[in-house]
Structure formats: structure tokens, C-alpha cells
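For reference, data_15.txt (compact mmCIF, C-alpha atoms and all ligand atoms):
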```txt
# COMPACT_ATOMS: atom_id res chain seq x y z
CA MET A 126 105.70 114.27 91.34
CA GLN A 127 103.95 116.66 93.67
CA LYS A 128 102.12 113.75 95.21
CA LYS A 129 105.42 112.03 95.85
CA LEU A 130 106.83 115.16 97.44
CA LYS A 131 103.80 115.44 99.69
CA PHE A 132 104.26 111.84 100.71
CA ILE A 133 107.92 112.40 101.53
CA LEU A 134 107.10 115.50 103.54
CA ALA A 135 104.38 113.66 105.43
CA ALA A 136 106.73 110.76 106.10
CA LEU A 137 109.40 113.16 107.35
CA LEU A 138 106.95 114.90 109.61
CA ILE A 139 105.79 111.58 111.05
CA THR A 140 109.39 110.52 111.56
CA ILE A 141 110.26 113.72 113.37
CA THR A 142 107.20 113.70 115.58
CA ALA A 143 107.43 109.98 116.26
CA CYS A 144 110.98 109.94 117.53
CA ILE A 145 111.26 109.27 121.22
CA THR A 146 114.27 109.47 123.48
CA THR A 147 114.66 106.54 125.81
CA PRO A 148 115.31 107.27 129.48
CA VAL A 149 118.72 106.60 131.09
CA SER A 150 120.41 105.49 127.85
CA GLU A 151 119.11 108.59 126.02
CA LYS A 152 118.91 106.99 122.60
CA SER A 153 116.40 108.15 120.02
CA ALA A 154 114.01 105.68 118.44
CA LEU A 155 111.26 105.74 115.87
CA ILE A 156 107.81 104.70 117.08
CA LEU A 157 104.73 105.01 114.91
CA ILE A 158 102.37 103.16 117.25
CA PRO A 159 100.21 105.35 119.47
CA PHE A 160 101.00 104.71 123.12
CA SER A 161 97.36 103.92 123.89
CA GLN A 162 97.37 101.19 121.23
CA GLU A 163 100.61 99.78 122.59
CA LEU A 164 99.07 99.59 126.07
CA SER A 165 96.02 97.73 124.86
CA LEU A 166 98.12 95.29 122.79
CA GLY A 167 100.25 94.63 125.88
CA ALA A 168 97.24 94.04 128.12
CA GLN A 169 95.55 91.72 125.62
CA SER A 170 98.71 89.70 125.02
CA TYR A 171 99.25 89.41 128.78
CA SER A 172 95.80 88.04 129.52
CA GLU A 173 96.04 85.61 126.63
CA ILE A 174 99.40 84.26 127.86
CA LEU A 175 98.22 84.02 131.47
CA SER A 176 95.10 82.15 130.41
CA LYS A 177 97.33 79.45 128.93
CA GLU A 178 99.82 79.23 131.79
CA LYS A 179 99.69 78.04 135.39
CA VAL A 180 100.07 80.97 137.74
CA SER A 181 102.15 79.98 140.79
CA GLN A 182 100.38 79.66 144.15
CA ASN A 183 103.63 79.94 146.13
CA THR A 184 102.81 82.81 148.50
CA ARG A 185 106.38 83.59 149.53
CA LEU A 186 107.78 83.69 145.99
CA ASN A 187 104.79 85.62 144.70
CA LYS A 188 105.36 88.20 147.42
CA MET A 189 109.01 88.42 146.45
CA ILE A 190 108.18 89.05 142.78
CA GLN A 191 105.60 91.69 143.81
CA ARG A 192 108.00 93.37 146.21
CA VAL A 193 110.90 93.58 143.76
CA GLY A 194 108.60 94.57 140.88
CA LYS A 195 106.91 97.37 142.80
CA ARG A 196 110.21 98.76 144.10
CA LEU A 197 111.70 98.87 140.60
CA ALA A 198 108.55 100.23 138.96
CA ALA A 199 108.40 103.02 141.55
CA VAL A 200 111.89 104.27 140.66
CA SER A 201 111.51 103.65 136.92
CA ASP A 202 110.72 106.36 134.39
CA MET A 203 107.09 105.22 134.15
CA PRO A 204 105.97 104.68 137.75
CA ASP A 205 102.33 105.41 136.95
CA LEU A 206 101.71 102.52 134.57
CA ASP A 207 99.23 99.90 135.70
CA TRP A 208 102.03 97.53 136.73
CA GLU A 209 101.26 93.83 137.25
CA PHE A 210 103.71 91.11 138.31
CA LYS A 211 102.88 87.43 137.98
CA LEU A 212 104.84 84.25 138.63
CA ILE A 213 104.21 81.40 136.21
CA GLU A 214 104.82 77.78 137.21
CA SER A 215 107.14 76.51 134.50
CA PRO A 216 110.69 75.16 134.18
CA GLN A 217 111.37 77.73 131.44
CA GLN A 218 114.25 80.01 132.32
CA ASN A 219 112.37 83.01 131.15
CA ALA A 220 110.74 86.32 132.02
CA PHE A 221 109.07 89.10 130.07
CA ALA A 222 107.52 92.55 130.41
CA LEU A 223 104.85 93.72 128.00
CA PRO A 224 103.91 97.32 127.17
CA GLY A 225 101.94 98.94 129.93
CA GLY A 226 103.97 97.22 132.67
CA LYS A 227 102.66 93.65 132.44
CA VAL A 228 105.44 91.48 133.81
CA ALA A 229 105.77 87.71 134.20
CA PHE A 230 108.50 85.54 135.66
CA TYR A 231 108.75 81.79 135.12
CA THR A 232 109.70 79.78 138.20
CA GLY A 233 112.54 78.23 136.16
CA ILE A 234 114.58 81.42 136.21
CA LEU A 235 114.26 81.96 139.96
CA GLN A 236 116.88 79.31 140.78
CA ILE A 237 119.45 81.26 138.80
CA CYS A 238 118.29 84.52 140.37
CA GLU A 239 119.11 82.95 143.76
CA ASN A 240 118.07 86.06 145.69
CA GLU A 241 116.02 89.24 145.40
CA ALA A 242 118.86 91.20 143.81
CA GLY A 243 119.04 88.47 141.14
CA VAL A 244 115.30 88.88 140.60
CA ALA A 245 115.90 92.66 140.43
CA THR A 246 118.53 92.09 137.70
CA VAL A 247 116.05 90.26 135.47
CA MET A 248 113.19 92.56 136.52
CA GLY A 249 115.23 95.67 135.69
CA HIS A 250 116.13 94.30 132.28
CA GLU A 251 112.54 93.36 131.43
CA ILE A 252 111.01 96.58 132.77
CA ALA A 253 113.57 98.48 130.69
CA HIS A 254 112.33 96.75 127.50
CA ALA A 255 108.80 97.96 128.29
CA ILE A 256 109.84 101.51 129.19
CA ALA A 257 112.17 101.93 126.21
CA ARG A 258 109.17 100.69 124.17
CA HIS A 259 111.23 98.11 122.31
CA GLY A 260 108.09 96.17 121.33
CA ALA A 261 106.58 99.24 119.68
CA GLN A 262 109.90 100.01 118.01
CA ARG A 263 109.87 96.56 116.47
CA MET A 264 106.23 96.75 115.47
CA THR A 265 107.11 100.02 113.72
CA GLN A 266 109.99 98.34 111.89
CA GLN A 267 107.78 95.42 110.90
CA MET A 268 105.10 97.72 109.60
CA LEU A 269 107.58 99.74 107.59
CA ILE A 270 108.96 96.52 106.14
CA SER A 271 105.65 94.90 105.42
CA ARG A 272 103.37 96.77 103.08
CA ALA A 273 100.61 94.34 103.91
CA MET A 274 100.31 95.74 107.39
CA SER A 275 98.81 99.13 107.76
CA PHE A 276 98.90 101.00 111.03
CA ALA A 277 95.13 101.13 111.09
CA SER A 278 94.80 97.38 110.86
CA LEU A 279 97.18 96.60 113.70
CA ASN A 280 94.49 95.08 115.81
CA TYR A 281 95.00 92.26 118.25
CA SER A 282 91.60 90.71 117.56
CA ASN A 283 92.55 90.54 113.91
CA SER A 284 94.17 87.12 114.25
CA GLN A 285 96.25 87.65 111.14
CA TYR A 286 98.55 89.96 113.07
CA LYS A 287 98.51 88.26 116.44
CA PRO A 288 101.72 86.22 115.91
CA LEU A 289 103.48 89.32 114.65
CA ILE A 290 102.38 91.38 117.64
CA LEU A 291 103.39 88.68 120.14
CA GLY A 292 106.67 88.18 118.31
CA ALA A 293 107.44 91.90 118.34
CA LEU A 294 106.69 91.99 122.06
CA GLY A 295 109.23 89.22 122.58
CA VAL A 296 106.83 86.51 123.69
CA GLY A 297 106.17 84.78 120.41
CA ALA A 298 108.16 81.57 120.88
CA LYS A 299 105.29 79.51 122.21
CA TYR A 300 102.51 81.55 120.71
CA GLY A 301 103.49 82.24 117.16
CA PHE A 302 106.96 83.13 116.15
CA GLN A 303 109.87 84.67 117.95
CA LEU A 304 111.28 87.90 116.75
CA PRO A 305 114.47 88.34 118.74
CA PHE A 306 115.23 91.70 120.26
CA SER A 307 118.21 93.27 118.56
CA ARG A 308 121.54 93.34 120.34
CA GLY A 309 121.18 97.10 120.59
CA ASN A 310 117.85 96.69 122.41
CA GLU A 311 119.38 94.08 124.69
CA SER A 312 122.36 96.20 125.66
CA GLU A 313 120.07 99.13 126.24
CA ALA A 314 117.80 97.04 128.51
CA ASP A 315 120.88 95.99 130.52
CA GLU A 316 122.07 99.57 130.79
CA ILE A 317 118.70 100.90 131.97
CA GLY A 318 117.97 97.82 134.10
CA ILE A 319 121.09 98.03 136.27
CA VAL A 320 120.27 101.68 137.05
CA TYR A 321 116.68 100.82 138.08
CA MET A 322 118.00 97.97 140.21
CA ALA A 323 120.42 100.30 141.99
CA ARG A 324 117.83 103.05 142.42
CA ALA A 325 115.51 100.48 144.02
CA GLY A 326 118.21 99.70 146.60
CA TYR A 327 119.47 96.34 145.29
CA ASP A 328 123.21 95.76 145.17
CA PRO A 329 124.15 96.08 141.46
CA ASN A 330 127.15 93.77 141.97
CA GLU A 331 124.57 91.02 141.85
CA ALA A 332 123.82 91.80 138.18
CA VAL A 333 127.31 90.61 137.27
CA ASN A 334 126.95 87.61 139.62
CA PHE A 335 123.59 86.71 138.08
CA TRP A 336 124.98 86.66 134.54
CA THR A 337 127.95 84.60 135.68
CA ARG A 338 125.57 82.04 137.25
CA PHE A 339 123.40 82.19 134.15
CA GLN A 340 126.37 81.44 131.93
CA SER A 341 127.43 78.41 133.97
CA SER A 342 123.81 77.15 134.20
CA LYS A 343 123.74 76.60 130.47
CA GLY A 344 124.24 72.90 130.05
CA ASN A 345 123.71 71.13 126.78
CA GLN A 346 120.47 72.95 126.29
CA PRO A 347 120.65 76.72 126.04
CA PRO A 348 117.95 78.38 128.15
CA GLU A 349 115.25 80.12 126.18
CA PHE A 350 115.56 83.28 128.19
CA MET A 351 117.62 85.72 126.20
CA SER A 352 118.98 82.99 123.96
CA THR A 353 119.21 85.59 121.24
CA HIS A 354 120.98 87.99 123.51
CA PRO A 355 124.60 89.09 123.30
CA SER A 356 127.17 86.55 124.39
CA ASP A 357 127.43 86.27 128.15
CA GLU A 358 131.09 87.26 128.17
CA THR A 359 130.35 90.50 126.33
CA ARG A 360 127.41 91.16 128.58
CA ILE A 361 129.36 90.57 131.80
CA GLU A 362 132.19 92.75 130.51
CA ARG A 363 129.79 95.56 129.64
CA LEU A 364 127.92 95.33 132.93
CA THR A 365 131.20 95.46 134.83
CA LYS A 366 131.91 98.77 133.06
CA LEU A 367 128.46 100.07 134.05
CA LEU A 368 128.95 98.98 137.65
CA PRO A 369 130.76 102.06 139.10
CA ASN A 370 127.93 104.39 138.01
CA ALA A 371 125.29 101.95 139.31
CA LEU A 372 127.15 101.60 142.63
CA LYS A 373 127.14 105.37 143.00
CA LYS A 374 123.35 105.38 142.56
CA TYR A 375 123.02 102.44 144.97
CA GLY A 376 125.11 104.30 147.57
CA ALA A 377 122.79 107.30 147.27
CA THR A 378 119.56 105.35 147.94
CA PRO A 379 118.00 105.93 151.37
CA VAL A 380 117.23 102.23 151.93
CA GLN A 381 119.58 99.48 150.79
CA HIS A 382 118.32 95.92 150.58
CA GLY A 383 121.65 94.37 149.61
CA ILE A 384 120.89 91.02 147.95
CA GLY A 385 117.59 90.73 149.88
CA GLU A 386 115.87 87.46 150.72
CA LYS A 387 117.13 84.17 149.26
CA VAL A 388 114.91 82.41 146.72
CA SER A 389 115.29 79.03 148.43
ZN ZN B 401 115.96 91.20 126.77
```
Show how you would write the structure in this file as C-alpha cells.
Amino acid sequence: MQKKLKFILAALLITITACITTPVSEKSALILIPFSQELSLGAQSYSEILSKEKVSQNTRLNKMIQRVGKRLAAVSDMPDLDWEFKLIESPQQNAFALPGGKVAFYTGILQICENEAGVATVMGHEIAHAIARHGAQRMTQQMLISRAMSFASLNYSNSQYKPLILGALGVGAKYGFQLPFSRGNESEADEIGIVYMARAGYDPNEAVNFWTRFQSSKGNQPPEFMSTHPSDETRIERLTKLLPNALKKYGATPVQHGIGEKVS
């Protein structure tokens, strides 16, 4: 009985100390993964993915991804991470950001982005997932669900957990299994992302335009990017509500880039 009580007290203490508050959206979340471990899992997953993909040699587009990425990272709530931005040659309409600021865009999504502000929309959303530590939140949930996984054994080189780690980080589709971000995580990434975009000097109106283009780009085959995300109508409606606040932040930035350079 006493043992049980001790366990409950310890669990409570962990829960209290492990609750973080996400920036911008100010939601609290439970994370039981040490930040240092999260960073190393992100870095290892990133290099594994890049080793299997073709990194784009297009100088102009690479520069654009770097430029937008650096501007958003600088005004984010974690500017000091070791940010990296890569462009992968692939028709996939996809992008991701791993813990520690490891970001990749697939060339397939750039056509829908159309311009730098479109890139900033996707970039803001992805960066927000990393900063709100959604991957670590999900790993925590998975570990609490699965007794087989102990926190100590959450090791990338332990191949048993690799699919779970990649899945929790949102990049499991090709590499193991996909664990979709929850709708709550998705809405939160939109909410934080549009603020980062505006702070970086990109016209937040383009976030609504991007999602409208994205919606009409879906032919018979739904794009993989955010296929588990909220319906586009809901998303556009919500972003439109967030727009006045984002426009205020955009208006207050010293340098405004508008929609920036066109993709093609
Ligand atoms: Zn997302």
C-alpha cells in the first residue's frame, strides 16, 4: 500500500515537473523525455532520412528555403537551436521539422507554396511542431501507453524503437509507421506558425491563400502532407479568425517582405 502511495506521489511529482507551456498558444503539455535526448533523437532521425533521400542541387530554391527558414527561426521562441534547412528532390507534397530544428521540404510542396510567404506558411507550421515539442509529447504518450517501453531504453540505436520514434516525430510513413499528429497539435502548429510567419515579415494573408491552393490541388490522390490534418475548410476558417492578430504583428515588423520571391 505504502509502495503504491510512493509510486503515485512520484508519478505526480514527475507530472508536475514535466509539464511545459507551449509558446504563443500557451497550452500546457506533459513531456517526460529529457530535452537533450529529444535533440539527439531528432538529429539521428534527420541524418538517417537525408541519407536515403536526394538533396536538391537547385541553388535558387535552396537559398529560398534557407532564407525563409532562418528568418522564421530567428523570431521563433527557440532561435538558438542548431537549425538546419534542407530541400529534398521528391514529388511528395510534404515537409517536416524534427526536434532540435532539423527541417526538410520536399520539392513537391513548393509548387503549392508558389512564393516565399507560402513557404513561410509551411515553415511556420513545421517549426511550431518542433518548438511545441509535439514529437516528445507523443513519445511520452506512447511510453505511458506501452509498458514495454521504458524511458531508459528509448534509444535510437535500439532498432526496436526506431519506427516508434520516427512515427512519433511525424516522419514514419516511409520509414516505419505513421503516427498522425492529433488535431489539437495541428491547430496549435497553425496558430503558432502564422505568428512566426508574421513576425518574420511575411504577409500572413498568404497562409489562407496557401491552404486554399492546397485544397484545390488535391485531385484524386490526397497529398501525404498533413493528410491526417483537420479538414481544409475548418483550417481556413480558423486561420481567417487568427488573421487580424497576425496582421497586427506583421504591421509591427521593421522589414516586410510581402509574399517575397516567386517559386517559379
Ligand atoms: Zn502538422
Excluding range 181-189 of chain A and any residue of its chain fewer than 3 positions from it, enumerate the residues within 10 Å of it, using only C-alpha atoms, and give them as a CSV table (one decimal) with C-alpha atoms, keeping the file's coordinate frame.
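Output file out08.csv is given in full below:
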```csv
chain,number,residue,atom,x,y,z
A,178,GLU,CA,99.8,79.2,131.8
A,192,ARG,CA,108.0,93.4,146.2
A,193,VAL,CA,110.9,93.6,143.8
A,194,GLY,CA,108.6,94.6,140.9
A,195,LYS,CA,106.9,97.4,142.8
A,210,PHE,CA,103.7,91.1,138.3
A,211,LYS,CA,102.9,87.4,138.0
A,212,LEU,CA,104.8,84.2,138.6
A,213,ILE,CA,104.2,81.4,136.2
A,214,GLU,CA,104.8,77.8,137.2
A,215,SER,CA,107.1,76.5,134.5
A,230,PHE,CA,108.5,85.5,135.7
A,231,TYR,CA,108.8,81.8,135.1
A,232,THR,CA,109.7,79.8,138.2
A,235,LEU,CA,114.3,82.0,140.0
A,240,ASN,CA,118.1,86.1,145.7
A,241,GLU,CA,116.0,89.2,145.4
A,244,VAL,CA,115.3,88.9,140.6
A,385,GLY,CA,117.6,90.7,149.9
A,386,GLU,CA,115.9,87.5,150.7
A,387,LYS,CA,117.1,84.2,149.3
A,388,VAL,CA,114.9,82.4,146.7
A,389,SER,CA,115.3,79.0,148.4
```
Exercise for the section: List the residues sitting within 12 Å of (126.0, 85.8, 135.2) in the file's frame, using only C-alpha atoms, as a PyMOL selection string. Expected result: chain A and resi 237-239+243+246-247+330-343+356-365
Kindly assemble as JSON lines a list of the chain A residues that lie within 8 Å of ligand ZN 401 (chain B), each paired with its nearest atom pair and their distance in Å to one decimal, using all atoms listed in the file, sorted first by chain and then by ascending residue number.
```
{"residue": "A:Phe221", "atom": "CA", "partner": "B:ZN401", "partner_atom": "ZN", "distance": 7.9}
{"residue": "A:His250", "atom": "CA", "partner": "B:ZN401", "partner_atom": "ZN", "distance": 6.3}
{"residue": "A:Glu251", "atom": "CA", "partner": "B:ZN401", "partner_atom": "ZN", "distance": 6.2}
{"residue": "A:His254", "atom": "CA", "partner": "B:ZN401", "partner_atom": "ZN", "distance": 6.7}
{"residue": "A:Phe306", "atom": "CA", "partner": "B:ZN401", "partner_atom": "ZN", "distance": 6.6}
{"residue": "A:Asn310", "atom": "CA", "partner": "B:ZN401", "partner_atom": "ZN", "distance": 7.3}
{"residue": "A:Glu311", "atom": "CA", "partner": "B:ZN401", "partner_atom": "ZN", "distance": 4.9}
{"residue": "A:Ala314", "atom": "CA", "partner": "B:ZN401", "partner_atom": "ZN", "distance": 6.4}
{"residue": "A:Asp315", "atom": "CA", "partner": "B:ZN401", "partner_atom": "ZN", "distance": 7.8}
{"residue": "A:Met351", "atom": "CA", "partner": "B:ZN401", "partner_atom": "ZN", "distance": 5.8}
{"residue": "A:His354", "atom": "CA", "partner": "B:ZN401", "partner_atom": "ZN", "distance": 6.8}
```
**OP:** Measuring atom to atom with only C-alpha atoms, identify which of A:Lys227, A:His382, A:Arg196, A:Arg308 is nearest to Ala168 in chain A.
**Re:**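 So, comparing all the options, the nearest one is A:Lys227.
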Of A:Ala323, A:Leu166, A:Ala253, A:Ala245, the one nearest to Leu294 in chain A when counting only C-alpha atoms is A:Leu166
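Across the structure, CA of Ile234 in chain A and CA of Ala293 in chain A are spaced 21.9 Å apart.
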